[in-house]
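Structure, as structure tokens:
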Amino acid sequence: MTAPASARTSADLIRAEEPVLAHNYHPLPVVVARAEGTWVEDVEGRRYLDMLAGYSALNFGHRHPVLIEAAHRQLDQLTLTSRAFHNDKLAEFAERLAELTGLDMVLPMNTGAEAVESGIKVARKWAYDVKGVPADQATIVVAAENFHGRTTTIVSFSTDETARAGFGPFTPGFRIVPYNDLAALEAAVDETTAAVLIEPIQGEAGVIIPDAGYLAGVRELTRRKGCLFIADEIQSGLGRTGRTLAVEHEGVVPDVLLLGKALGGGIVPVSAVVARREVLAVLRPGEHGSTFGGNPLAAAVGTAVVELLETGEFQRRATELGVVLRDGLTELVGKGVVGFRSRGLWAGVDVDPAMGTGREISERLMREGVLAKDTHGSTIRLAPPLTITADELRSALGTLEKVLTQGA
């Protein structure tokens with residue numbers, strides 16, 4: 001007989017997953033049962049400081065009271081209609097999200113990958129209907145080392161063989177250029193180009209921040225060449241870098257903005273394509289859709305997220321605490337850290353490979369009560385909730401110093 005979850009230990013639950021869950025993830029061996037704010041607790045009651053925040057899906061921390069209240073209130077009223085009918089929450093969500101981002105129209109979806117797929121479809125349709133690209137010849141230019149999701153089309157333009165191997169044949173129509181290279185980008189754009197799709201900061205690649213002027217250069221180039229600039233801000237957006245959007249650091253407004261993760265407040269999956277009116281206006285009824293996209297529960301939570309961002313509090317926190325993060329990491333360079341990149345409350349930390357892999361460093365941090373996640377090689381990512389305190393942040397950095405100086 002299977003024991004009830006409340007009676008099963010972390011080890012029991014991890015073992016129970018093995019035969020029944022697909023092995024598409026390799027989680028750290030911690031089983032989270034409760035969470036609030038910046039802290040999580042496992043089934044045995046051990047507490048951990050969350051320095052990952054669900055890859056930025058939990059920008060506002062676990063169970064933020066404003067977001068939980070919005071969800072509870074909506075759960076008592078209406079959760080789903082499909083888009084066969086209107087619902088009373090969607091208009092306000094779209095209005096406020098458009099105003100927050102400085103764009104005109106919203107296409108609500110659920111996951112980040114859905115937002116990217118939708119952005120690709122919209123860009124191609126725009127290329128055919130507005131730009132006049134011959135049928136089925138539209139191309140989209142992307143950056144090497146990108147991460148935009150896991151669907152078949154999206155991994156078609158990934159350069160990560162782990163994400164690609166075994167999933168072909170791949171979708172054509174994409175050109176890959178080096179990130180942060182305007183000359184290569186210019187050479188790749190031609191009369192068939194529908195859009196340039198990039199992350200303003202490459203998250204999965206290790207929080208790779210482009211040179212100053214790169215995003216402005218992309219904006220100028222796409223405008224001059226007559227194609228769309230699509231900014232994937234699914235990880236970098238909604239306060240993470242100290243601005244509402246990472247493109248704002250260069251005063252750039254893209255034609256199309258892709259949002260997700262934090263837009264659902266860590267409660268429900270919410271994503272969106274936000275764009276200029278003439279871009280999203282290419283869609284007609286029946287050409288694209290989602291049963292759950294724009295559902296009342298998602299719209300209510302998404303509106304509450306926008307309300308939190310409208311105050312500017314979280315952007316200010318990310319800016320101010322980003323200084324604490326940067327200064328703390330600077331002190332660790334030469335003490336096991338060989339380099340780092342940070343913007344706001346987001347950092348990619350390169351650990352001396354002699355100290356261990358990123359996975360091994362993350363496991364040591366876990367044993368000391370801090371949760372982080374590795375990416376490639378000996379790089380770990382730090383992206384705590386924007387609700388973290390300066391003391392909590394310094395404590396996490398102190399723990400990182402401890403595991404680096406003490407070793408395994």
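Residues in the structure tokens are named by chain (A, B, ... in the order shown) and by number from 1 within that chain; ligands are numbered from 1 in the order shown.
Neighbouring residues of A:Ser156 at 9 Å or closer, counting only C-alpha atoms and skipping chain neighbours under 4 positions away, are Thr151, Thr152, Arg164, Phe167, Gly168, Pro169, Phe170, Thr171, Pro172 and Phe174 of chain A.
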Please produce an output containing N, CA, C and O atoms for each residue in the selection, written as a PDB file, in the first residue's frame.
```pdb
ATOM      1  N   THR A 151       9.533  23.440 -27.149  1.00  0.00           N
ATOM      2  CA  THR A 151       8.710  22.828 -28.192  1.00  0.00           C
ATOM      3  C   THR A 151       9.576  22.445 -29.392  1.00  0.00           C
ATOM      4  O   THR A 151      10.719  22.882 -29.527  1.00  0.00           O
ATOM      5  N   THR A 152       9.018  21.652 -30.283  1.00  0.00           N
ATOM      6  CA  THR A 152       9.793  21.193 -31.438  1.00  0.00           C
ATOM      7  C   THR A 152      10.285  22.364 -32.277  1.00  0.00           C
ATOM      8  O   THR A 152      11.455  22.385 -32.699  1.00  0.00           O
ATOM      9  N   ARG A 164      18.262  19.485 -28.406  1.00  0.00           N
ATOM     10  CA  ARG A 164      17.905  19.163 -29.789  1.00  0.00           C
ATOM     11  C   ARG A 164      17.995  17.676 -30.131  1.00  0.00           C
ATOM     12  O   ARG A 164      17.176  17.167 -30.884  1.00  0.00           O
ATOM     13  N   PHE A 167      15.213  14.918 -31.492  1.00  0.00           N
ATOM     14  CA  PHE A 167      13.885  15.516 -31.655  1.00  0.00           C
ATOM     15  C   PHE A 167      13.615  16.020 -33.073  1.00  0.00           C
ATOM     16  O   PHE A 167      12.592  16.657 -33.308  1.00  0.00           O
ATOM     17  N   GLY A 168      14.504  15.737 -34.016  1.00  0.00           N
ATOM     18  CA  GLY A 168      14.285  16.162 -35.388  1.00  0.00           C
ATOM     19  C   GLY A 168      13.213  15.320 -36.068  1.00  0.00           C
ATOM     20  O   GLY A 168      12.736  14.331 -35.501  1.00  0.00           O
ATOM     21  N   PRO A 169      12.768  15.660 -37.275  1.00  0.00           N
ATOM     22  CA  PRO A 169      13.280  16.762 -38.095  1.00  0.00           C
ATOM     23  C   PRO A 169      12.841  18.122 -37.558  1.00  0.00           C
ATOM     24  O   PRO A 169      11.817  18.224 -36.885  1.00  0.00           O
ATOM     25  N   PHE A 170      13.653  19.116 -37.859  1.00  0.00           N
ATOM     26  CA  PHE A 170      13.436  20.428 -37.263  1.00  0.00           C
ATOM     27  C   PHE A 170      12.709  21.391 -38.201  1.00  0.00           C
ATOM     28  O   PHE A 170      12.727  21.248 -39.424  1.00  0.00           O
ATOM     29  N   THR A 171      12.073  22.373 -37.600  1.00  0.00           N
ATOM     30  CA  THR A 171      11.321  23.380 -38.340  1.00  0.00           C
ATOM     31  C   THR A 171      12.272  24.337 -39.042  1.00  0.00           C
ATOM     32  O   THR A 171      13.169  24.899 -38.402  1.00  0.00           O
ATOM     33  N   PRO A 172      12.112  24.543 -40.334  1.00  0.00           N
ATOM     34  CA  PRO A 172      12.978  25.495 -41.039  1.00  0.00           C
ATOM     35  C   PRO A 172      12.531  26.932 -40.819  1.00  0.00           C
ATOM     36  O   PRO A 172      11.507  27.196 -40.187  1.00  0.00           O
ATOM     37  N   PHE A 174      14.739  29.594 -39.741  1.00  0.00           N
ATOM     38  CA  PHE A 174      15.468  30.347 -38.720  1.00  0.00           C
ATOM     39  C   PHE A 174      16.938  30.488 -39.113  1.00  0.00           C
ATOM     40  O   PHE A 174      17.533  29.564 -39.683  1.00  0.00           O
TER      41      PHE A 174
END
```
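Compared by their closest atoms to A:Arg341, and using only C-alpha atoms, the residues A:Ile361, A:Ala275, A:Val207, A:Ala372 rank with A:Val207 nearest.
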- Task: Could you tell me, as a ChimeraX atom specification, which residues of stretch 158-396 of chain A DSSP assigns to strand (DSSP E) when given the backbone?
- Result: /A:174-177,193-198,228-232,256-259,271-275,337-342,347-351,370-371,373-374,379-382
Among A:Asp88, A:Glu368, A:Glu401, A:Glu44, A:Val351 is approached most closely, using only C-alpha atoms, by A:Glu401
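If only C-alpha atoms are the atoms counted, then among A:Thr222, A:Ser236, A:Thr357, A:Ser290 the closest residue to A:Gln315 is A:Ser236.
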Original post:
Hey, what's within 8 Å of A:Arg124 if we count only C-alpha atoms and toss same-chain stuff fewer than 3 positions away? As number ranges by chain, please?
Top reply: A: 120-121, 127-128, 138-139, 194
With distances taken over only C-alpha atoms, the candidate from A:Ile68, A:Ala396, A:Val274, A:Ala390 nearest A:Thr319 is A:Ala390
### Task
Please identify all polymer residues within 8 Å of A:Lys225, counting only C-alpha atoms, omitting same-chain residues fewer than 3 positions from it, and present them as JSON, numbers by chain.
{"A": [189, 190, 191, 221, 222]}
Selected residues written out, N, CA, C and O atoms, as a compact mmCIF listing (two decimals), in the first residue's frame:
```
# COMPACT_ATOMS: atom_id res chain seq x y z
N VAL A 189 20.06 39.58 -41.88
CA VAL A 189 18.73 40.13 -42.17
C VAL A 189 18.62 40.47 -43.65
O VAL A 189 19.48 41.16 -44.20
N ASP A 190 17.57 39.99 -44.29
CA ASP A 190 17.34 40.34 -45.69
C ASP A 190 15.85 40.57 -45.92
O ASP A 190 15.07 40.70 -44.97
N GLU A 191 15.45 40.58 -47.18
CA GLU A 191 14.06 40.92 -47.51
C GLU A 191 13.07 39.86 -47.04
O GLU A 191 11.87 40.13 -46.97
N LEU A 221 18.46 48.64 -36.27
CA LEU A 221 18.63 47.78 -37.44
C LEU A 221 17.29 47.23 -37.93
O LEU A 221 17.01 47.24 -39.13
N THR A 222 16.48 46.74 -37.01
CA THR A 222 15.19 46.17 -37.42
C THR A 222 14.27 47.23 -38.00
O THR A 222 13.54 46.97 -38.97
```
Contacts of A:Arg150 within 10 Å, only C-alpha atoms, excl. fewer than 6 positions in-chain, as a PyMOL selection string = chain A and resi 112-114+156+158+163-164
Please dump the current selection as a PDB file, in the first residue's frame; keep N, CA, C and O atoms.
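Written file, out-v4.pdb:
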```
ATOM      1  N   GLY A 112       5.408  30.147 -21.131  1.00  0.00           N
ATOM      2  CA  GLY A 112       6.371  30.936 -21.882  1.00  0.00           C
ATOM      3  C   GLY A 112       6.580  30.403 -23.283  1.00  0.00           C
ATOM      4  O   GLY A 112       6.655  31.174 -24.258  1.00  0.00           O
ATOM      5  N   ALA A 113       6.691  29.084 -23.408  1.00  0.00           N
ATOM      6  CA  ALA A 113       6.881  28.501 -24.740  1.00  0.00           C
ATOM      7  C   ALA A 113       5.710  28.830 -25.654  1.00  0.00           C
ATOM      8  O   ALA A 113       5.892  29.084 -26.852  1.00  0.00           O
ATOM      9  N   GLU A 114       4.494  28.840 -25.111  1.00  0.00           N
ATOM     10  CA  GLU A 114       3.330  29.220 -25.919  1.00  0.00           C
ATOM     11  C   GLU A 114       3.435  30.663 -26.394  1.00  0.00           C
ATOM     12  O   GLU A 114       3.052  30.990 -27.524  1.00  0.00           O
ATOM     13  N   SER A 156      14.272  23.767 -32.638  1.00  0.00           N
ATOM     14  CA  SER A 156      14.821  23.789 -33.988  1.00  0.00           C
ATOM     15  C   SER A 156      15.868  24.884 -34.152  1.00  0.00           C
ATOM     16  O   SER A 156      16.767  24.766 -34.988  1.00  0.00           O
ATOM     17  N   SER A 158      17.635  26.122 -31.428  1.00  0.00           N
ATOM     18  CA  SER A 158      18.536  26.087 -30.274  1.00  0.00           C
ATOM     19  C   SER A 158      19.921  25.636 -30.731  1.00  0.00           C
ATOM     20  O   SER A 158      20.061  24.901 -31.704  1.00  0.00           O
ATOM     21  N   ALA A 163      19.170  19.836 -25.829  1.00  0.00           N
ATOM     22  CA  ALA A 163      17.769  20.183 -26.100  1.00  0.00           C
ATOM     23  C   ALA A 163      17.309  19.685 -27.466  1.00  0.00           C
ATOM     24  O   ALA A 163      16.112  19.473 -27.677  1.00  0.00           O
ATOM     25  N   ARG A 164      18.262  19.485 -28.406  1.00  0.00           N
ATOM     26  CA  ARG A 164      17.905  19.163 -29.789  1.00  0.00           C
ATOM     27  C   ARG A 164      17.995  17.676 -30.131  1.00  0.00           C
ATOM     28  O   ARG A 164      17.176  17.167 -30.884  1.00  0.00           O
TER      29      ARG A 164
END
```
Q: Give me the residues within 12 Å of A:Gly242 as a PyMOL selection string, counting only C-alpha atoms and dropping any in the same chain fewer than 2 places off.
A: chain A and resi 59+236-240+244-249+309+312-323+342-346+386
Can you check which residues of stretch 330-382 of chain A DSSP gives as alpha helix (DSSP H) on the backbone and send them as a count of residues only?
13
Q) Which residues, written as number ranges by chain, have at least one atom at most 8 Å from stretch 392-395 of chain A, with only C-alpha atoms counted and residues fewer than 3 positions away on the same chain left out? A) A: 49, 324-325, 328, 388-389, 398-399
I need the chosen residues saved as a CSV table (one decimal), in the first residue's frame, with all heavy atoms.
```csv
chain,number,residue,atom,x,y,z
A,49,LEU,N,16.5,29.0,2.1
A,49,LEU,CA,16.4,30.3,1.5
A,49,LEU,C,16.4,30.1,-0.1
A,49,LEU,O,17.3,29.5,-0.6
A,49,LEU,CB,17.5,31.2,1.9
A,49,LEU,CG,17.5,32.7,1.3
A,49,LEU,CD1,16.2,33.4,1.8
A,49,LEU,CD2,18.7,33.4,1.8
A,324,VAL,N,23.8,45.2,-3.5
A,324,VAL,CA,24.3,44.3,-2.5
A,324,VAL,C,24.8,43.0,-3.1
A,324,VAL,O,25.8,42.5,-2.7
A,324,VAL,CB,23.1,44.0,-1.5
A,324,VAL,CG1,23.6,43.0,-0.4
A,324,VAL,CG2,22.7,45.3,-0.8
A,325,LEU,N,24.0,42.5,-4.1
A,325,LEU,CA,24.4,41.2,-4.7
A,325,LEU,C,25.7,41.4,-5.5
A,325,LEU,O,26.6,40.6,-5.4
A,325,LEU,CB,23.3,40.8,-5.7
A,325,LEU,CG,23.5,39.6,-6.6
A,325,LEU,CD1,23.8,38.3,-5.7
A,325,LEU,CD2,22.4,39.4,-7.5
A,328,GLY,N,28.7,41.9,-3.1
A,328,GLY,CA,29.0,40.6,-2.4
A,328,GLY,C,29.7,39.6,-3.3
A,328,GLY,O,30.7,39.0,-2.9
A,388,ILE,N,13.2,39.6,-1.2
A,388,ILE,CA,14.3,39.2,-0.2
A,388,ILE,C,14.8,40.4,0.5
A,388,ILE,O,14.8,41.6,0.0
A,388,ILE,CB,15.5,38.5,-1.0
A,388,ILE,CG1,16.4,37.8,-0.1
A,388,ILE,CG2,16.2,39.5,-1.9
A,388,ILE,CD1,17.4,36.9,-0.8
A,389,THR,N,15.3,40.3,1.7
A,389,THR,CA,15.9,41.4,2.5
A,389,THR,C,17.4,41.4,2.2
A,389,THR,O,18.0,40.4,1.8
A,389,THR,CB,15.6,41.3,4.0
A,389,THR,OG1,16.3,40.1,4.5
A,389,THR,CG2,14.1,41.1,4.3
A,398,GLY,N,27.1,34.8,2.1
A,398,GLY,CA,28.0,34.2,3.1
A,398,GLY,C,28.1,32.7,3.0
A,398,GLY,O,29.1,32.0,3.1
A,399,THR,N,26.9,32.1,2.7
A,399,THR,CA,26.8,30.6,2.6
A,399,THR,C,27.6,30.2,1.3
A,399,THR,O,28.3,29.2,1.3
A,399,THR,CB,25.4,30.1,2.5
A,399,THR,OG1,24.7,30.5,3.7
A,399,THR,CG2,25.3,28.6,2.3
```
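Take the candidates A:Val142, A:Val116, A:Leu400, A:Ala354 and check each one against A:Ser378 using only C-alpha atoms; the shortest distance goes to A:Ala354.
With only C-alpha atoms as the basis for measurement, A:Pro269 is the residue among A:Pro269, A:Gly286, A:Gly149, A:Gly369 that approaches A:Ala299 most closely.
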